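**Q** Got target.cif for you, mmCIF, C-alpha atoms:
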data_work
#
loop_
_atom_site.label_atom_id
_atom_site.label_comp_id
_atom_site.auth_asym_id
_atom_site.auth_seq_id
_atom_site.Cartn_x
_atom_site.Cartn_y
_atom_site.Cartn_z
CA MET H 1 16.03 -3.86 61.82
CA HIS H 2 14.49 -7.28 61.27
CA LEU H 3 13.47 -8.96 58.04
CA LYS H 4 11.36 -11.68 56.49
CA SER H 5 11.22 -12.21 52.74
CA SER H 6 9.87 -14.43 50.01
CA VAL H 7 10.31 -15.02 46.27
CA LEU H 8 7.35 -16.17 44.17
CA SER H 9 7.09 -17.32 40.59
CA ILE H 10 4.34 -15.42 38.76
CA ALA H 11 5.00 -17.03 35.38
CA PRO H 12 1.78 -17.56 33.45
CA GLU H 13 0.32 -21.06 33.22
CA VAL H 14 -2.14 -19.95 30.53
CA ASP H 15 -1.95 -17.85 27.38
CA THR H 16 -1.87 -14.13 28.23
CA PHE H 17 -1.55 -10.68 26.71
CA LEU H 18 1.67 -8.84 27.49
CA GLY H 19 1.71 -5.29 28.80
CA CYS H 20 2.84 -3.15 25.83
CA GLY H 21 3.25 -6.35 23.82
CA PRO H 22 1.78 -7.78 20.63
CA ALA H 23 -1.96 -7.76 20.00
CA GLU H 24 -2.20 -11.56 20.08
CA THR H 25 -1.81 -13.79 23.11
CA VAL H 26 1.52 -15.28 24.16
CA PRO H 27 1.64 -18.96 25.20
CA GLY H 28 1.85 -19.68 28.90
CA ASP H 29 5.17 -20.88 30.29
CA PRO H 30 5.26 -21.86 33.98
CA GLY H 31 9.07 -21.97 33.78
CA ALA H 32 9.50 -18.34 32.71
CA ALA H 33 11.69 -16.31 35.08
CA LEU H 34 8.98 -13.85 36.17
CA GLU H 35 8.87 -13.14 39.88
CA ALA H 36 7.24 -11.30 42.73
CA ASN H 37 9.74 -10.42 45.46
CA LEU H 38 8.36 -9.67 48.92
CA LEU H 39 10.36 -7.87 51.60
CA LEU H 40 8.86 -7.42 55.08
CA LEU H 41 10.81 -5.11 57.39
CA LYS H 42 10.32 -4.33 61.08
CA SER H 43 11.91 -1.66 63.22
CA GLY H 44 10.49 -1.09 66.68
CA TYR H 45 6.71 -1.13 66.32
CA SER H 46 6.75 -0.22 62.63
CA GLN H 47 6.43 -2.65 59.72
CA ILE H 48 6.45 -2.23 55.96
CA LEU H 49 5.80 -4.78 53.23
CA ILE H 50 7.56 -3.94 49.95
CA ILE H 51 6.44 -5.93 46.92
CA SER H 52 8.06 -5.71 43.50
CA LEU H 53 6.52 -7.47 40.50
CA ASP H 54 7.83 -8.36 37.08
CA ALA H 55 4.98 -6.54 35.36
CA LEU H 56 4.20 -3.36 33.45
CA TYR H 57 2.16 -1.88 36.33
CA PRO H 58 0.53 -3.31 39.49
CA GLY H 59 -2.84 -1.58 39.02
CA ALA H 60 -5.48 -0.29 41.43
CA ARG H 61 -7.35 -3.60 41.56
CA LEU H 62 -4.34 -5.62 42.65
CA ARG H 63 -3.52 -3.17 45.41
CA SER H 64 -7.14 -3.23 46.60
CA ASP H 65 -7.29 -7.03 46.52
CA ILE H 66 -4.05 -7.37 48.50
CA ILE H 67 -5.25 -4.90 51.14
CA GLU H 68 -8.57 -6.73 51.39
CA GLY H 69 -6.87 -10.12 51.60
CA LEU H 70 -4.62 -8.87 54.39
CA LYS H 71 -7.30 -6.93 56.26
CA GLY H 72 -6.43 -6.44 59.89
CA ILE H 73 -2.72 -7.19 59.49
CA VAL H 74 -1.60 -4.58 56.95
CA ASN H 75 -2.85 -1.13 55.98
CA ASP H 76 -2.47 1.20 53.00
CA GLU H 77 0.51 3.02 54.46
CA SER H 78 2.49 -0.14 55.22
CA LEU H 79 2.10 -1.71 51.75
CA PHE H 80 4.53 -0.42 49.10
CA LEU H 81 3.46 -2.05 45.82
CA SER H 82 5.58 -1.59 42.71
CA SER H 83 6.44 -3.14 39.35
CA SER H 84 9.64 -3.38 37.34
CA HIS H 85 7.86 -2.04 34.22
CA THR H 86 9.02 -4.88 31.99
CA HIS H 87 7.16 -4.83 28.68
CA ASN H 88 7.40 -8.62 28.40
CA ALA H 89 5.16 -9.84 31.21
CA PRO H 90 1.41 -10.50 31.35
CA MET H 91 -0.78 -7.44 31.85
CA LEU H 92 -2.20 -7.14 35.39
CA ASP H 93 -3.79 -3.67 35.22
CA GLU H 94 -7.31 -3.74 33.78
CA SER H 95 -7.70 0.05 33.66
CA LYS H 96 -5.44 0.36 30.60
CA PRO H 97 -6.84 -1.95 27.89
CA PHE H 98 -4.97 -0.09 25.12
CA LEU H 99 -1.73 -1.38 26.68
CA GLY H 100 -2.92 -4.98 26.98
CA SER H 101 -5.83 -7.09 28.19
CA VAL H 102 -5.89 -8.89 31.52
CA VAL H 103 -6.49 -12.63 31.50
CA GLU H 104 -8.58 -13.19 34.62
CA SER H 105 -7.27 -16.62 35.55
CA HIS H 106 -3.67 -15.39 35.48
CA TYR H 107 -4.51 -12.26 37.44
CA LEU H 108 -6.27 -14.32 40.14
CA MET H 109 -3.28 -16.67 40.35
CA VAL H 110 -0.89 -13.76 40.90
CA ALA H 111 -3.15 -12.05 43.46
CA ARG H 112 -3.72 -15.31 45.36
CA LYS H 113 0.00 -16.15 45.51
CA ILE H 114 0.91 -12.69 46.79
CA ILE H 115 -1.83 -12.67 49.44
CA VAL H 116 -1.01 -16.16 50.72
CA ALA H 117 2.74 -15.48 50.86
CA SER H 118 2.26 -12.06 52.45
CA LYS H 119 -0.05 -13.45 55.11
CA LYS H 120 2.50 -16.13 55.94
CA LEU H 121 5.26 -13.54 56.29
CA LEU H 122 3.10 -11.33 58.48
CA THR H 123 1.85 -14.05 60.83
CA GLU H 124 4.36 -16.91 60.82
CA GLY H 125 8.04 -17.67 61.12
CA PRO H 126 11.01 -16.03 62.81
CA TRP H 127 12.43 -12.61 62.06
CA ALA H 128 16.02 -12.36 60.94
CA PRO H 129 18.06 -9.52 62.51
CA VAL H 130 19.86 -7.76 59.68
CA ASP H 131 22.59 -5.22 59.11
CA LEU H 132 21.97 -2.62 56.43
CA LYS H 133 24.44 -1.30 53.85
CA HIS H 134 23.91 1.35 51.21
CA VAL H 135 25.65 2.56 48.06
CA SER H 136 24.85 4.82 45.13
CA TYR H 137 26.27 4.41 41.64
CA GLN H 138 25.81 5.57 38.06
CA LEU H 139 23.72 3.35 35.80
CA ASN H 140 25.27 3.98 32.39
CA GLY H 141 24.38 3.02 28.84
CA VAL H 142 21.15 5.03 28.82
CA ALA H 143 19.83 8.10 27.03
CA SER H 144 16.91 10.48 27.15
CA ARG H 145 14.37 9.70 24.45
CA ARG H 146 13.30 13.35 24.19
CA ARG H 147 15.00 15.50 21.57
CA GLN H 148 13.89 18.76 20.05
CA ALA H 149 12.65 18.42 16.48
CA PRO H 150 14.99 19.94 13.87
CA ARG H 151 14.35 23.64 13.33
CA VAL H 152 13.40 23.21 9.67
CA LEU H 153 10.70 20.68 10.55
CA ARG H 154 9.32 22.90 13.27
CA ALA H 155 9.29 25.88 10.91
CA LEU H 156 7.33 23.85 8.37
CA ASN H 157 4.91 22.67 11.09
CA ILE H 158 5.63 19.05 10.15
CA PHE H 159 5.62 18.22 13.84
CA SER H 160 3.06 19.77 16.16
CA GLU H 161 5.28 19.51 19.25
CA ASP H 162 8.89 20.42 19.85
CA ALA H 163 9.94 17.18 21.56
CA MET H 164 10.29 14.01 19.49
CA MET H 165 11.04 10.46 20.70
CA LEU H 166 14.67 10.43 19.57
CA PRO H 167 18.02 9.67 21.28
CA ASN H 168 19.37 12.54 23.35
CA PRO H 169 22.39 11.33 25.35
CA THR H 170 23.50 14.93 25.89
CA GLU H 171 20.43 15.36 28.11
CA VAL H 172 20.74 12.06 30.02
CA SER H 173 23.65 9.63 29.67
CA SER H 174 23.41 7.98 33.11
CA THR H 175 21.04 7.83 36.05
CA THR H 176 21.78 7.42 39.74
CA ALA H 177 20.98 3.97 41.08
CA GLU H 178 20.62 3.13 44.77
CA VAL H 179 21.35 -0.19 46.46
CA LEU H 180 20.43 -1.45 49.93
CA LEU H 181 21.88 -4.74 51.18
CA PHE H 182 20.21 -6.60 54.06
CA SER H 183 22.59 -9.12 55.65
CA GLU H 184 22.69 -11.52 58.59
CA ASN H 185 26.18 -12.62 59.64
CA ASP H 186 27.55 -11.41 56.29
CA LYS H 187 25.02 -13.48 54.31
CA ILE H 188 22.96 -11.26 52.01
CA LEU H 189 19.30 -12.14 52.59
CA ALA H 190 17.82 -9.40 50.43
CA THR H 191 18.89 -6.70 47.99
CA LEU H 192 16.92 -3.62 47.02
CA LEU H 193 17.89 -1.82 43.81
CA VAL H 194 16.36 1.40 42.48
CA GLY H 195 17.31 1.85 38.83
CA ALA H 196 15.93 4.29 36.26
CA CYS H 197 15.81 2.83 32.76
CA HIS H 198 12.93 1.51 30.65
CA PRO H 199 13.19 -2.32 30.52
CA VAL H 200 13.02 -2.62 26.73
CA THR H 201 16.12 -4.66 25.92
CA THR H 202 14.31 -7.93 25.10
CA MET H 203 14.78 -8.63 21.40
CA GLU H 204 11.58 -10.67 20.89
CA SER H 205 8.39 -8.71 21.57
CA SER H 206 6.45 -11.92 22.31
CA ALA H 207 8.99 -13.38 24.76
CA LEU H 208 8.24 -13.67 28.48
CA SER H 209 11.07 -11.83 30.19
CA ALA H 210 11.98 -9.73 33.21
CA ASP H 211 14.31 -7.90 30.82
CA TYR H 212 17.58 -6.46 32.19
CA VAL H 213 16.10 -6.61 35.71
CA GLY H 214 16.14 -10.39 35.52
CA ALA H 215 19.73 -10.44 34.27
CA ILE H 216 20.99 -8.29 37.18
CA ARG H 217 18.88 -10.32 39.63
CA GLU H 218 20.33 -13.63 38.47
CA PHE H 219 23.85 -12.16 38.48
CA CYS H 220 23.40 -10.84 42.03
CA ARG H 221 22.22 -14.19 43.34
CA GLU H 222 24.97 -16.18 41.65
CA LYS H 223 28.00 -13.90 41.83
CA ILE H 224 27.35 -11.67 44.85
CA ALA H 225 24.98 -13.36 47.33
CA HIS H 226 26.03 -16.87 46.25
CA HIS H 227 22.60 -18.37 46.87
CA ASP H 228 19.52 -18.47 44.65
CA SER H 229 17.02 -17.88 47.47
CA MET H 230 18.01 -14.23 47.95
CA THR H 231 15.12 -11.77 47.63
CA PHE H 232 15.80 -9.12 45.00
CA VAL H 233 13.49 -6.12 45.12
CA PHE H 234 13.81 -3.99 42.01
CA LEU H 235 12.11 -0.59 42.07
CA GLN H 236 11.82 1.28 38.77
CA GLY H 237 13.19 4.78 39.16
CA ALA H 238 12.31 8.02 37.38
CA SER H 239 12.66 6.47 33.93
CA GLY H 240 9.86 8.29 32.10
CA GLU H 241 12.12 9.49 29.27
CA VAL H 242 15.09 7.17 29.91
CA ARG H 243 15.82 4.01 27.93
CA PRO H 244 18.87 2.03 26.78
CA ASN H 245 21.07 4.02 24.43
CA VAL H 246 21.01 1.83 21.34
CA VAL H 247 20.76 3.72 18.05
CA SER H 248 20.06 2.74 14.47
CA LYS H 249 22.89 2.52 11.96
CA GLY H 250 21.17 4.54 9.25
CA PRO H 251 17.87 4.91 7.37
CA SER H 252 15.36 2.07 7.71
CA THR H 253 15.46 1.47 3.92
CA LEU H 254 17.32 2.84 0.93
CA LYS H 255 14.22 4.55 -0.41
CA PRO H 256 14.81 8.27 -1.05
CA ARG H 257 12.05 9.19 1.39
CA ASP H 258 13.68 7.25 4.25
CA ILE H 259 17.15 8.54 3.37
CA LEU H 260 15.85 12.15 3.45
CA PHE H 261 14.01 11.56 6.72
CA SER H 262 17.14 10.09 8.30
CA ALA H 263 19.22 13.04 7.09
CA LEU H 264 16.78 15.54 8.59
CA ILE H 265 16.12 13.74 11.88
CA GLY H 266 19.55 12.35 12.65
CA GLN H 267 19.99 9.36 14.92
CA THR H 268 16.96 7.27 15.86
CA PHE H 269 16.67 4.43 18.34
CA GLY H 270 17.56 0.99 17.06
CA LYS H 271 17.33 -2.54 18.40
CA PHE H 272 19.86 -4.73 20.12
CA ASP H 273 21.32 -7.73 18.36
CA SER H 274 22.55 -10.65 20.44
CA ASN H 275 26.12 -9.36 20.70
CA SER H 276 25.30 -5.76 21.57
CA LEU H 277 22.68 -6.89 24.11
CA GLU H 278 25.11 -9.24 25.82
CA GLY H 279 27.68 -6.46 26.03
CA TRP H 280 25.16 -3.99 27.45
CA LEU H 281 23.97 -6.47 30.10
CA VAL H 282 27.53 -7.45 31.09
CA ARG H 283 28.41 -3.78 31.65
CA ARG H 284 25.29 -3.22 33.76
CA CYS H 285 26.06 -6.28 35.91
CA ASN H 286 29.72 -5.31 36.32
CA GLU H 287 28.95 -1.75 37.39
CA PHE H 288 26.40 -3.15 39.88
CA GLN H 289 29.00 -5.55 41.29
CA ASP H 290 31.60 -2.79 41.56
CA ALA H 291 29.09 -0.64 43.44
CA VAL H 292 28.11 -3.38 45.89
CA ALA H 293 31.78 -3.80 46.79
CA GLN H 294 31.76 -0.14 47.91
CA ALA H 295 28.60 -0.35 50.07
CA VAL H 296 28.95 1.12 53.56
CA PRO H 297 27.07 0.24 56.76
CA CYS H 298 24.11 2.39 57.77
CA ALA H 299 24.32 3.59 61.34
CA ASP H 300 20.60 4.35 61.35
CA THR H 301 18.39 1.37 60.51
CA ASN H 302 15.08 2.86 61.57
CA PHE H 303 12.43 3.68 59.02
CA SER H 304 9.40 5.90 58.70
CA ILE H 305 6.45 5.93 56.29
CA ALA H 306 3.95 8.47 54.93
CA ARG H 307 1.38 8.16 52.13
CA VAL H 308 -1.18 10.45 50.52
CA VAL H 309 -3.72 9.94 47.72
CA PHE H 310 -5.70 12.30 45.50
CA PRO H 311 -8.69 11.53 43.27
CA LEU H 312 -7.42 11.21 39.71
CA GLU H 313 -10.27 13.41 38.47
CA GLU H 314 -8.58 16.39 40.11
CA PHE H 315 -6.04 16.14 37.28
CA PHE H 316 -7.63 14.20 34.42
CA GLU H 317 -10.87 13.18 32.82
CA TYR H 318 -10.84 9.41 32.40
CA SER H 319 -13.01 6.57 31.20
CA GLY H 320 -13.90 3.40 33.06
CA PRO H 321 -16.19 2.58 35.98
CA GLN H 322 -13.54 2.25 38.67
CA LYS H 323 -12.47 5.04 40.96
CA ARG H 324 -8.83 5.91 40.35
CA PHE H 325 -6.29 7.74 42.49
CA VAL H 326 -2.92 9.45 42.32
CA SER H 327 -0.75 8.15 45.17
CA VAL H 328 2.52 9.38 46.64
CA HIS H 329 4.26 7.00 49.08
CA ALA H 330 7.39 7.95 51.01
CA VAL H 331 9.51 5.43 52.92
CA ARG H 332 12.73 6.32 54.71
CA LEU H 333 15.01 3.28 55.11
CA GLY H 334 18.17 4.24 56.97
CA ALA H 335 20.31 6.32 54.60
CA LEU H 336 17.79 6.22 51.74
CA THR H 337 14.37 7.77 51.25
CA LEU H 338 12.15 6.14 48.64
CA LEU H 339 9.54 8.44 47.14
CA GLY H 340 7.03 6.36 45.20
CA ILE H 341 4.72 8.10 42.73
CA SER H 342 1.91 6.33 40.86
CA ALA H 343 3.19 7.55 37.51
CA GLU H 344 6.20 7.28 35.25
CA PRO H 345 8.16 10.30 36.49
CA THR H 346 10.78 11.64 34.14
CA TRP H 347 14.41 11.97 35.21
CA GLU H 348 14.10 15.71 34.72
CA PHE H 349 11.13 15.80 37.12
CA ALA H 350 13.18 13.85 39.66
CA ARG H 351 16.01 16.35 39.43
CA ALA H 352 13.61 19.09 40.48
CA LEU H 353 13.40 17.36 43.87
CA ASP H 354 17.14 16.84 44.25
CA ASP H 355 17.43 19.79 46.57
CA HIS H 356 15.36 18.03 49.23
CA ASN H 357 17.45 16.48 51.96
CA PHE H 358 16.01 14.83 55.06
CA SER H 359 18.51 14.35 57.87
CA GLY H 360 21.19 13.27 55.44
CA ALA H 361 19.10 10.57 53.73
CA ARG H 362 19.44 10.35 49.95
CA LEU H 363 16.25 10.75 47.95
CA SER H 364 15.35 8.26 45.23
CA ILE H 365 12.19 8.62 43.11
CA VAL H 366 10.31 5.39 42.39
CA GLY H 367 7.73 5.14 39.62
CA CYS H 368 5.30 2.46 38.46
CA ILE H 369 3.59 1.95 41.82
CA ASP H 370 -0.12 1.31 42.42
CA ASP H 371 -2.43 2.63 39.68
CA THR H 372 0.20 4.18 37.41
CA TRP H 373 -1.91 6.83 35.70
CA GLY H 374 0.58 8.07 33.06
CA TYR H 375 3.73 10.17 32.77
CA LEU H 376 4.85 12.91 35.13
CA ALA H 377 7.02 15.40 33.25
CA SER H 378 8.85 18.43 34.59
CA ARG H 379 7.41 21.91 34.16
CA ASN H 380 10.00 22.68 31.51
CA GLN H 381 9.23 19.49 29.59
CA CYS H 382 5.53 20.39 29.65
CA LYS H 383 6.31 23.51 27.63
CA LEU H 384 7.86 21.41 24.84
CA GLY H 385 5.10 18.80 24.61
CA GLY H 386 5.82 15.29 23.40
CA TYR H 387 4.66 11.80 24.32
CA GLU H 388 5.48 12.17 28.03
CA VAL H 389 3.40 15.36 28.23
CA GLY H 390 0.20 14.48 26.39
CA GLY H 391 0.83 11.82 23.79
CA TYR H 392 0.34 9.04 26.31
CA LEU H 393 -3.21 9.98 27.39
CA LYS H 394 -5.31 7.57 25.31
CA PHE H 395 -3.09 4.60 26.14
CA PHE H 396 -3.80 5.18 29.84
CA SER H 397 -7.56 5.63 29.30
CA LEU H 398 -7.30 9.34 30.04
CA ALA H 399 -9.52 11.66 28.03
CA LYS H 400 -8.09 15.05 28.99
CA ASN H 401 -5.50 16.68 31.22
CA ARG H 402 -7.43 19.21 33.32
CA THR H 403 -4.40 21.04 34.66
CA SER H 404 -1.63 20.76 32.03
CA SER H 405 1.74 21.68 33.56
CA ASN H 406 0.02 22.42 36.88
CA THR H 407 -0.11 18.64 37.38
CA SER H 408 3.66 18.65 37.80
CA THR H 409 3.52 21.66 40.10
CA LYS H 410 0.82 20.17 42.34
CA ILE H 411 2.41 16.74 42.62
CA GLU H 412 5.85 18.23 43.25
CA ALA H 413 4.31 20.25 46.09
CA ALA H 414 2.62 17.12 47.44
CA CYS H 415 5.95 15.26 47.36
CA ARG H 416 7.72 18.01 49.31
CA ALA H 417 4.92 18.13 51.89
CA LEU H 418 4.98 14.36 52.35
CA LEU H 419 8.76 14.27 52.73
CA SER H 420 8.51 16.84 55.49
CA GLU H 421 6.32 14.40 57.47
CA LEU H 422 8.99 11.69 57.64
#
Hey, can you dump this file as structure tokens for me?

**A**
Amino acid sequence: MHLKSSVLSIAPEVDTFLGCGPAETVPGDPGAALEANLLLLKSGYSQILIISLDALYPGARLRSDIIEGLKGIVNDESLFLSSSHTHNAPMLDESKPFLGSVVESHYLMVARKIIVASKKLLTEGPWAPVDLKHVSYQLNGVASRRRQAPRVLRALNIFSEDAMMLPNPTEVSSTTAEVLLFSENDKILATLLVGACHPVTTMESSALSADYVGAIREFCREKIAHHDSMTFVFLQGASGEVRPNVVSKGPSTLKPRDILFSALIGQTFGKFDSNSLEGWLVRRCNEFQDAVAQAVPCADTNFSIARVVFPLEEFFEYSGPQKRFVSVHAVRLGALTLLGISAEPTWEFARALDDHNFSGARLSIVGCIDDTWGYLASRNQCKLGGYEVGGYLKFFSLAKNRTSSNTSTKIEAACRALLSEL
């Protein structure tokens, strides 16, 4: 396997709106630690360009513009475009205005930088021969945010759906992270991490931040790779219902109404303070470092790729003039198979595919690629309702789910069919 890579700053030079951020603009800051990491791999006659962005979603337009800008040297199958899902970066996806507006000048800057850097990687410079190592580990400190509403509230029809957005560590208390290390003569040139947890640790909603992804990235460069030029590709895993496990310490106020609500509901999610956030980040970095120390060489460094798309209208009614698609993108890299889905798959949905094994390669679900259309819940979760089942629709400019739980069934079938092509 051979490699070329690049790290780009995509910090905004102008005021922008954040994805899932405040309604007002946030001042530009060219020094903000927001990046695009590009990893170009070659094995035999095959090439793949993996791009990870510090952004909520990449969006259909950005993918289309990159493909157009690289016409003749890259195709749809060989471009894997993903985002970290940080909620503290400028919005790039114009199809979801309820989640944030796109500032055109910033979007064009990001698109131009990626196209120019990608073209340079694809047409210039030497390839570095690399060895590949892999390790899996448990990403702790997380919880499911889906919990069944208390029986008394369901009996009184106070909540229309069974599942509420409340801490449920008994359902999920850790997720499986995957690491690939690309090294030349024992120097780590690039790291790929798949981790499943919503990046919502940033205490200030208006701050520009890569969230915990940036903390692990900086730690990896300083303490593990020992050079700040290392490419760090972060792929958001099946984190649809998974977020940091930080809970409130009681009712929001001492008003009788809030005290009663807290007594009925139980624990709710809280916010980090500076001490608890530092502790959470230190633990995530330490468990990452411990895992990297256990990485083992991959005997097989070949890779294979398959991709399929479906018109979004097969599943949803949606507003907006642009044509939108559901995409599923599978990439086998040595001991690991990445299965990208243009959605926010839940951890429970991912577990439904755990039984698939391709020639010994581990399977890791990746969300937030391409035009992320919404949430992809498991068939069981669909029965209970909740935000990840239908509550998200308007925020993603979707008017109606045409197929209900059949969406999960159809996409799961498409994933299995695509994996069989690798």

**Q** Can you measure atom CA of Glu317 of chain H to atom CA of Thr346 of chain H for me? One decimal in Å is fine.

**A** 21.7 Å

**Q** Measuring between all atoms listed in the file, which one of H:Glu178, H:Glu94, H:Glu348, H:Asp354 shows the shortest distance to Gln236 of chain H?

**A**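 Nearest candidate to Gln236 of chain H out of H:Glu178, H:Glu94, H:Glu348, H:Asp354: H:Glu178.
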
**Q** Please write as a compact mmCIF listing (two decimals) with C-alpha atoms, in the frame of the given file the full residue list that the PyMOL selection byres ((chain H and resi 330) around 8) yields on this file.

**A**
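Result file out.txt:
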# COMPACT_ATOMS: atom_id res chain seq x y z
CA ILE H 305 6.45 5.93 56.29
CA ALA H 306 3.95 8.47 54.93
CA ARG H 307 1.38 8.16 52.13
CA VAL H 328 2.52 9.38 46.64
CA HIS H 329 4.26 7.00 49.08
CA VAL H 331 9.51 5.43 52.92
CA ARG H 332 12.73 6.32 54.71
CA THR H 337 14.37 7.77 51.25
CA LEU H 338 12.15 6.14 48.64
CA LEU H 339 9.54 8.44 47.14
CA GLY H 340 7.03 6.36 45.20
CA LEU H 418 4.98 14.36 52.35
CA LEU H 419 8.76 14.27 52.73
CA LEU H 422 8.99 11.69 57.64

**Q** If we count all atoms listed in the file, what is near segment 39-53 of chain H at a cut-off of 8 Å, once residues fewer than 3 positions away on the same chain are taken out, given as a list in words?

**A**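 Close residues of segment 39-53 of chain H: Met1, His2, Leu3, Lys4, Ser5, Ser6, Glu35, Ala36, Pro58, Ser78, Leu79, Phe80, Leu81, Ser82, Ser83, Ser84, Leu121, Leu122, Ala190, Thr231, Val233, Phe234, Leu235, Thr301, Asn302, Phe303 and Ser304 of chain H.
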
**Q** Please list as a ChimeraX atom specification every residue within 8 Å of His106 of chain H, counting only C-alpha atoms and excluding residues in the same chain fewer than 6 positions away.

**A** /H:12-14,16

**Q** Suppose you want the space between atom CA of Gly390 of chain H and atom CA of Leu376 of chain H; what is it in Å?

**A** 10.0 Å

**Q** Using all atoms listed in the file, can you tell me which of H:Ala291, H:Ala210, H:Ala238, H:Cys197 comes closest to Ala143 of chain H?

**A**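 Going through H:Ala291, H:Ala210, H:Ala238, H:Cys197 one by one, the smallest distance to Ala143 of chain H is for H:Cys197.
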
**Q** Quote the spacing between atom CA of Ala377 of chain H and atom CA of Phe349 of chain H in Å to one decimal place.

**A**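 If I compute the distance from atom CA of Ala377 of chain H to atom CA of Phe349 of chain H, I get 5.7 Å.
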
**Q** Skipping near chain neighbours, those fewer than 5 positions away, what residues fall within 8 Å of Ile115 of chain H using all atoms listed in the file, listed as JSON, numbers by chain?

**A** {"H": [66, 69, 70]}

**Q** Using all atoms listed in the file, pick whichever of H:Val200, H:Met109, H:Cys298, H:Ile10 has the shortest atom-to-atom distance to Val142 of chain H.

**A** H:Val200

**Q** Once the PyMOL selection byres ((chain H and resi 277) around 12) has been applied to the shown file, what residues remain in the selection, as a VMD selection string?

**A** chain H and resid 141 200 to 203 211 to 212 215 244 to 246 270 to 276 278 to 284
